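Asker: Pasting a structure here, questions to come.
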Amino acid sequence: MQIIRGATTIKKDEKNQIVYAVKDLLDEIFSLNNLKKEETIGIVFSLTTDIHSFHPAKAARVCGYDFAPLFACVEPDIVGGLPLCIRVMVMVEVSPSRLVKHVYLEDAKMLRADLSSIYNIALDGPAGSGKSTVAKILAKEYNILYLDTGAMYRACALKAVRENVAPQDSEGVKKLLEYLDVKVEYLDGAQHTYLDGEDVSDKIRANEVSMAASHISAHPCVRIKMVEMQRVIAKQMSCILDGRDIGSTVLPDAKFKFYLTADSAIRAKRRYDELLERGQNVDFDKLHAEIVQRDKQDSEREFSPLVCANDAIVIDTSEMSIDEVVAKIKSYIQQGI
């Protein structure tokens, strides 16, 4: 079972306003979450003590939401609380992995600005700093999209494979971009990547596509196109991106920017332990040298180099666990929200 939360407010304590407010709130919750009647276990309302004209549970029944048990209670008076407020919890029988969207309307938007407004989080940093792991955890905790930008490059590579365009062919790839149709959706707790209207989330993981993506991503024209598409997505929904220059180039107007770093030896040790767990034998000194070299290459590359945005919050994760890093970032986000 999952619970979808919501709240709204009315201007005056009048029956019609209560009915319309409850209908708008429930309509939005059911529409955004693609809920079916049979998935609904029950609906529970709470209302502030200044609402007397009509009961929200009765309003829900009047509006056609009579297919599930309806309950309501009056909230205790809270000094400084939001007046004329109606809150709701919709209990639904859906998969725990399914991403649910909470809804806050009218003046109730101020109760959960993180849910009622669009904001973006940029996470930059060198390899092994933990940014991808942290980004996925934050996306889940805030119910926002973790935009897997690599999947977008893979979709472009798949298009090239299907159109028999050599991924190393700069001119051929450039022409391909003119009619490239890639979209991203977040469904049931996972990102789905669409190419020409087809869900290719699994197909882009094929080895042939991976090899092509390595060449495709090297073209500046592809990078420019992908950044353009990522910005469109970021304007439409709250999301978090991780990379080398998200805060400085891809999303320079992101509300929250962080730069995660760590001592190169510690990052090498993290990678070393990860590979050992996979059963791979690696030489630590060689791995450390490779990470130092990659840092140099990423920082000095001509196109989309690794850079810390001037307004990013720098977090050294050398002596921190993933949970500690997540908690620290969340503390900054909550202050900003």
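Letters for chains follow the order of the structure tokens (A, B, ...), residue numbers begin at 1 for each chain, and ligand numbers begin at 1 in the order shown.
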List the neighbours of range 45-48 of chain A out to 9 Å using only C-alpha atoms; skip same-chain residues closer than 6 positions along the sequence, and give me the result as a PyMOL selection string.
Answerer: chain A and resi 55-57+70-77+81-90
Asker: Take the selection from the previous step and output its residues with N, CA and C atoms, as a PDB file, in the first residue's frame.
Answerer:
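part20.pdb written:
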ATOM      1  N   HIS A  55     -18.919  19.160   4.966  1.00  0.00           N
ATOM      2  CA  HIS A  55     -17.887  18.185   5.303  1.00  0.00           C
ATOM      3  C   HIS A  55     -17.153  17.736   4.044  1.00  0.00           C
ATOM      4  N   PRO A  56     -15.791  17.761   4.021  1.00  0.00           N
ATOM      5  CA  PRO A  56     -15.037  17.329   2.839  1.00  0.00           C
ATOM      6  C   PRO A  56     -15.376  15.913   2.388  1.00  0.00           C
ATOM      7  N   ALA A  57     -15.646  15.010   3.337  1.00  0.00           N
ATOM      8  CA  ALA A  57     -16.000  13.637   2.954  1.00  0.00           C
ATOM      9  C   ALA A  57     -17.319  13.616   2.185  1.00  0.00           C
ATOM     10  N   LEU A  70     -14.775   6.747   2.962  1.00  0.00           N
ATOM     11  CA  LEU A  70     -14.394   8.134   3.159  1.00  0.00           C
ATOM     12  C   LEU A  70     -14.421   8.471   4.646  1.00  0.00           C
ATOM     13  N   PHE A  71     -13.358   9.074   5.139  1.00  0.00           N
ATOM     14  CA  PHE A  71     -13.267   9.456   6.545  1.00  0.00           C
ATOM     15  C   PHE A  71     -12.801  10.905   6.624  1.00  0.00           C
ATOM     16  N   ALA A  72     -13.070  11.535   7.767  1.00  0.00           N
ATOM     17  CA  ALA A  72     -12.593  12.903   7.960  1.00  0.00           C
ATOM     18  C   ALA A  72     -12.464  13.197   9.443  1.00  0.00           C
ATOM     19  N   CYS A  73     -11.585  14.121   9.776  1.00  0.00           N
ATOM     20  CA  CYS A  73     -11.419  14.546  11.169  1.00  0.00           C
ATOM     21  C   CYS A  73     -11.014  16.007  11.189  1.00  0.00           C
ATOM     22  N   VAL A  74     -11.241  16.637  12.311  1.00  0.00           N
ATOM     23  CA  VAL A  74     -10.888  18.049  12.483  1.00  0.00           C
ATOM     24  C   VAL A  74      -9.524  18.141  13.140  1.00  0.00           C
ATOM     25  N   GLU A  75      -8.665  18.975  12.587  1.00  0.00           N
ATOM     26  CA  GLU A  75      -7.321  19.133  13.127  1.00  0.00           C
ATOM     27  C   GLU A  75      -7.345  20.005  14.385  1.00  0.00           C
ATOM     28  N   PRO A  76      -6.429  19.808  15.291  1.00  0.00           N
ATOM     29  CA  PRO A  76      -6.339  20.704  16.458  1.00  0.00           C
ATOM     30  C   PRO A  76      -5.855  22.078  16.016  1.00  0.00           C
ATOM     31  N   ASP A  77      -6.218  23.092  16.760  1.00  0.00           N
ATOM     32  CA  ASP A  77      -5.763  24.446  16.435  1.00  0.00           C
ATOM     33  C   ASP A  77      -4.250  24.547  16.611  1.00  0.00           C
ATOM     34  N   GLY A  81      -0.935  28.280  11.987  1.00  0.00           N
ATOM     35  CA  GLY A  81      -1.293  27.284  10.985  1.00  0.00           C
ATOM     36  C   GLY A  81      -2.001  27.896   9.785  1.00  0.00           C
ATOM     37  N   LEU A  82      -2.012  27.178   8.685  1.00  0.00           N
ATOM     38  CA  LEU A  82      -2.652  27.654   7.457  1.00  0.00           C
ATOM     39  C   LEU A  82      -4.174  27.610   7.627  1.00  0.00           C
ATOM     40  N   PRO A  83      -4.873  28.723   7.489  1.00  0.00           N
ATOM     41  CA  PRO A  83      -6.331  28.731   7.678  1.00  0.00           C
ATOM     42  C   PRO A  83      -7.091  28.150   6.482  1.00  0.00           C
ATOM     43  N   LEU A  84      -8.337  27.738   6.766  1.00  0.00           N
ATOM     44  CA  LEU A  84      -9.243  27.231   5.728  1.00  0.00           C
ATOM     45  C   LEU A  84      -8.557  26.184   4.850  1.00  0.00           C
ATOM     46  N   CYS A  85      -7.925  25.244   5.496  1.00  0.00           N
ATOM     47  CA  CYS A  85      -7.136  24.227   4.784  1.00  0.00           C
ATOM     48  C   CYS A  85      -7.775  22.846   4.875  1.00  0.00           C
ATOM     49  N   ILE A  86      -7.786  22.143   3.753  1.00  0.00           N
ATOM     50  CA  ILE A  86      -8.292  20.776   3.676  1.00  0.00           C
ATOM     51  C   ILE A  86      -7.138  19.881   3.240  1.00  0.00           C
ATOM     52  N   ARG A  87      -6.828  18.875   4.041  1.00  0.00           N
ATOM     53  CA  ARG A  87      -5.777  17.932   3.697  1.00  0.00           C
ATOM     54  C   ARG A  87      -6.395  16.582   3.386  1.00  0.00           C
ATOM     55  N   VAL A  88      -5.687  15.774   2.619  1.00  0.00           N
ATOM     56  CA  VAL A  88      -6.214  14.458   2.266  1.00  0.00           C
ATOM     57  C   VAL A  88      -5.090  13.437   2.184  1.00  0.00           C
ATOM     58  N   MET A  89      -5.406  12.194   2.511  1.00  0.00           N
ATOM     59  CA  MET A  89      -4.518  11.059   2.290  1.00  0.00           C
ATOM     60  C   MET A  89      -5.325  10.026   1.508  1.00  0.00           C
ATOM     61  N   VAL A  90      -4.837   9.695   0.324  1.00  0.00           N
ATOM     62  CA  VAL A  90      -5.493   8.686  -0.504  1.00  0.00           C
ATOM     63  C   VAL A  90      -4.668   7.404  -0.400  1.00  0.00           C
TER      64      VAL A  90
END
Asker: If we count only C-alpha atoms and set the cut-off at 8 Å, which residues sit around range 30-36 of chain A, ignoring sequence neighbours fewer than 4 positions away in its own chain? Please answer as an MDAnalysis selection string.
Answerer: chainID A and resid 26 40 100:101
Asker: Could you take the residues named above and write them with N, CA and C atoms, as a PDB file, in the first residue's frame?
Answerer:
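Listing of selection25.pdb after writing:
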ATOM      1  N   LEU A  26      -8.909  16.046  -5.612  1.00  0.00           N
ATOM      2  CA  LEU A  26      -8.981  14.617  -5.918  1.00  0.00           C
ATOM      3  C   LEU A  26      -8.802  14.353  -7.410  1.00  0.00           C
ATOM      4  N   THR A  40      -8.055   2.067  -5.175  1.00  0.00           N
ATOM      5  CA  THR A  40      -8.263   2.938  -4.017  1.00  0.00           C
ATOM      6  C   THR A  40      -8.786   2.158  -2.818  1.00  0.00           C
ATOM      7  N   VAL A 100       4.656   7.767  -6.841  1.00  0.00           N
ATOM      8  CA  VAL A 100       3.396   8.490  -6.661  1.00  0.00           C
ATOM      9  C   VAL A 100       3.673   9.982  -6.562  1.00  0.00           C
ATOM     10  N   LYS A 101       2.710  10.779  -6.994  1.00  0.00           N
ATOM     11  CA  LYS A 101       2.876  12.223  -7.001  1.00  0.00           C
ATOM     12  C   LYS A 101       1.880  12.860  -6.040  1.00  0.00           C
TER      13      LYS A 101
END
Asker: For Ser210 in chain A, please output as an MDAnalysis selection string all residues within 8 Å (counting only C-alpha atoms; exclusion window: fewer than 5 positions along the same chain).
Answerer: chainID A and resid 154 157 204:205
Asker: How many Å lie between CA of Asn207 in chain A and CA of Tyr153 in chain A, rounded to one decimal?
Answerer: 13.9 Å
Asker: Within 9 Å of His102 in chain A, counting only C-alpha atoms, which residues qualify if same-chain residues fewer than 4 places away don't, as a PyMOL selection string?
Answerer: chain A and resi 3-7+29+32-33+115-116+143
Asker: If you keep C-alpha atoms, can you produce a file of those selected residues as a compact mmCIF listing (two decimals), in the first residue's frame?
Answerer:
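Just written: again.txt:
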# COMPACT_ATOMS: atom_id res chain seq x y z
CA ILE A 3 -0.32 6.87 0.56
CA ILE A 4 -0.71 9.88 -1.70
CA ARG A 5 -0.87 13.16 0.18
CA GLY A 6 -2.51 16.40 -0.82
CA ALA A 7 -3.89 19.68 0.48
CA ILE A 29 -4.39 13.36 -7.55
CA LEU A 32 -1.45 12.74 -12.12
CA ASN A 33 -1.14 9.24 -10.68
CA LEU A 115 6.29 19.15 -4.37
CA SER A 116 4.33 22.07 -5.78
CA ASN A 143 10.06 11.91 -5.72
Asker: If we count only C-alpha atoms, what is near Lys328 in chain A at a cut-off of 12 Å, once residues fewer than 3 positions away on the same chain are taken out, given as an MDAnalysis selection string?
Answerer: chainID A and resid 134 138 258 260 313:317 320:325 331:335
Asker: Might you pull out every residue within 9 Å of Tyr65 in chain A, with only C-alpha atoms counted and same-chain residues fewer than 4 positions away left off, and present them as a VMD selection string?
Answerer: chain A and resid 23 26 37 59 to 61 70
Asker: Excluding same-chain residues fewer than 5 positions from range 271-275 of chain A, what lies within 8 Å of it counting only C-alpha atoms, as a PDB file with all heavy atoms, in the first residue's frame?
Answerer:
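Dumped to part_32.pdb:
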ATOM      1  N   GLY A 128      34.105   8.729  -9.041  1.00  0.00           N
ATOM      2  CA  GLY A 128      34.331   8.098  -7.758  1.00  0.00           C
ATOM      3  C   GLY A 128      33.983   8.955  -6.558  1.00  0.00           C
ATOM      4  O   GLY A 128      34.196   8.542  -5.412  1.00  0.00           O
ATOM      5  N   GLN A 280      36.530  -9.156  -9.825  1.00  0.00           N
ATOM      6  CA  GLN A 280      37.596  -8.755 -10.740  1.00  0.00           C
ATOM      7  C   GLN A 280      38.881  -8.456  -9.960  1.00  0.00           C
ATOM      8  O   GLN A 280      38.859  -7.780  -8.936  1.00  0.00           O
ATOM      9  CB  GLN A 280      37.177  -7.508 -11.529  1.00  0.00           C
ATOM     10  CG  GLN A 280      35.926  -7.704 -12.367  1.00  0.00           C
ATOM     11  CD  GLN A 280      35.562  -6.447 -13.141  1.00  0.00           C
ATOM     12  OE1 GLN A 280      36.436  -5.681 -13.556  1.00  0.00           O
ATOM     13  NE2 GLN A 280      34.275  -6.231 -13.357  1.00  0.00           N
ATOM     14  N   ASN A 281      39.982  -8.979 -10.464  1.00  0.00           N
ATOM     15  CA  ASN A 281      41.280  -8.724  -9.841  1.00  0.00           C
ATOM     16  C   ASN A 281      41.901  -7.477 -10.476  1.00  0.00           C
ATOM     17  O   ASN A 281      42.082  -7.419 -11.696  1.00  0.00           O
ATOM     18  CB  ASN A 281      42.218  -9.917 -10.032  1.00  0.00           C
ATOM     19  CG  ASN A 281      41.751 -11.128  -9.234  1.00  0.00           C
ATOM     20  OD1 ASN A 281      41.312 -10.993  -8.098  1.00  0.00           O
ATOM     21  ND2 ASN A 281      41.852 -12.309  -9.835  1.00  0.00           N
ATOM     22  N   VAL A 282      42.194  -6.493  -9.654  1.00  0.00           N
ATOM     23  CA  VAL A 282      42.754  -5.242 -10.161  1.00  0.00           C
ATOM     24  C   VAL A 282      43.938  -4.822  -9.311  1.00  0.00           C
ATOM     25  O   VAL A 282      44.048  -5.188  -8.137  1.00  0.00           O
ATOM     26  CB  VAL A 282      41.693  -4.115 -10.163  1.00  0.00           C
ATOM     27  CG1 VAL A 282      40.641  -4.358 -11.224  1.00  0.00           C
ATOM     28  CG2 VAL A 282      41.035  -3.990  -8.798  1.00  0.00           C
ATOM     29  N   PHE A 284      45.691  -1.905  -7.385  1.00  0.00           N
ATOM     30  CA  PHE A 284      45.265  -0.627  -6.804  1.00  0.00           C
ATOM     31  C   PHE A 284      46.090   0.542  -7.333  1.00  0.00           C
ATOM     32  O   PHE A 284      45.537   1.598  -7.696  1.00  0.00           O
ATOM     33  CB  PHE A 284      45.358  -0.669  -5.278  1.00  0.00           C
ATOM     34  CG  PHE A 284      45.047   0.656  -4.637  1.00  0.00           C
ATOM     35  CD1 PHE A 284      43.731   1.065  -4.467  1.00  0.00           C
ATOM     36  CD2 PHE A 284      46.075   1.516  -4.234  1.00  0.00           C
ATOM     37  CE1 PHE A 284      43.442   2.301  -3.898  1.00  0.00           C
ATOM     38  CE2 PHE A 284      45.789   2.750  -3.676  1.00  0.00           C
ATOM     39  CZ  PHE A 284      44.466   3.139  -3.501  1.00  0.00           C
ATOM     40  N   LEU A 287      45.042   1.434 -10.755  1.00  0.00           N
ATOM     41  CA  LEU A 287      43.709   2.034 -10.741  1.00  0.00           C
ATOM     42  C   LEU A 287      43.781   3.487 -10.258  1.00  0.00           C
ATOM     43  O   LEU A 287      43.140   4.381 -10.827  1.00  0.00           O
ATOM     44  CB  LEU A 287      42.792   1.225  -9.822  1.00  0.00           C
ATOM     45  CG  LEU A 287      41.310   1.614  -9.785  1.00  0.00           C
ATOM     46  CD1 LEU A 287      40.678   1.477 -11.157  1.00  0.00           C
ATOM     47  CD2 LEU A 287      40.560   0.754  -8.781  1.00  0.00           C
TER      48      LEU A 287
END
Asker: Return as an MDAnalysis selection string the full set of residues in range 99-335 of chain A whose backbone-based DSSP assignment is alpha helix (DSSP H).
Answerer: chainID A and resid 113:116 131:142 149:162 170:177 207:216 220:236 264:277 284:300 322:335
Asker: Could you check which of A:Val250, A:Ile240, A:Val92, A:Leu147 is closest to Glu39 in chain A, using only C-alpha atoms?
Answerer: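 Going through A:Val250, A:Ile240, A:Val92, A:Leu147 one by one, the smallest distance to Glu39 in chain A is for A:Val92.
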Asker: Determine, for each residue of range 39-157 of chain A having at least one atom at most 10 Å from an atom of range 218-237 of chain A, the closest pair of atoms and their separation in Å to one decimal, counting only C-alpha atoms; order by chain and ascending number, as CSV.
Answerer:
residue,atom,partner,partner_atom,distance
A:Ser117,CA,A:Met237,CA,8.6
A:Ile118,CA,A:Met237,CA,5.6
A:Tyr119,CA,A:Met237,CA,7.4
A:Asn120,CA,A:Ala234,CA,6.7
A:Ile121,CA,A:Ala234,CA,9.6
A:Ile144,CA,A:Met237,CA,7.8
A:Leu145,CA,A:Met237,CA,7.7
A:Leu147,CA,A:Gln230,CA,8.2
A:Asp148,CA,A:Gln230,CA,9.9
A:Thr149,CA,A:Gln230,CA,7.7
A:Gly150,CA,A:Met226,CA,9.7
A:Met152,CA,A:Met226,CA,7.1
A:Tyr153,CA,A:Met226,CA,7.3
A:Cys156,CA,A:Val222,CA,8.4
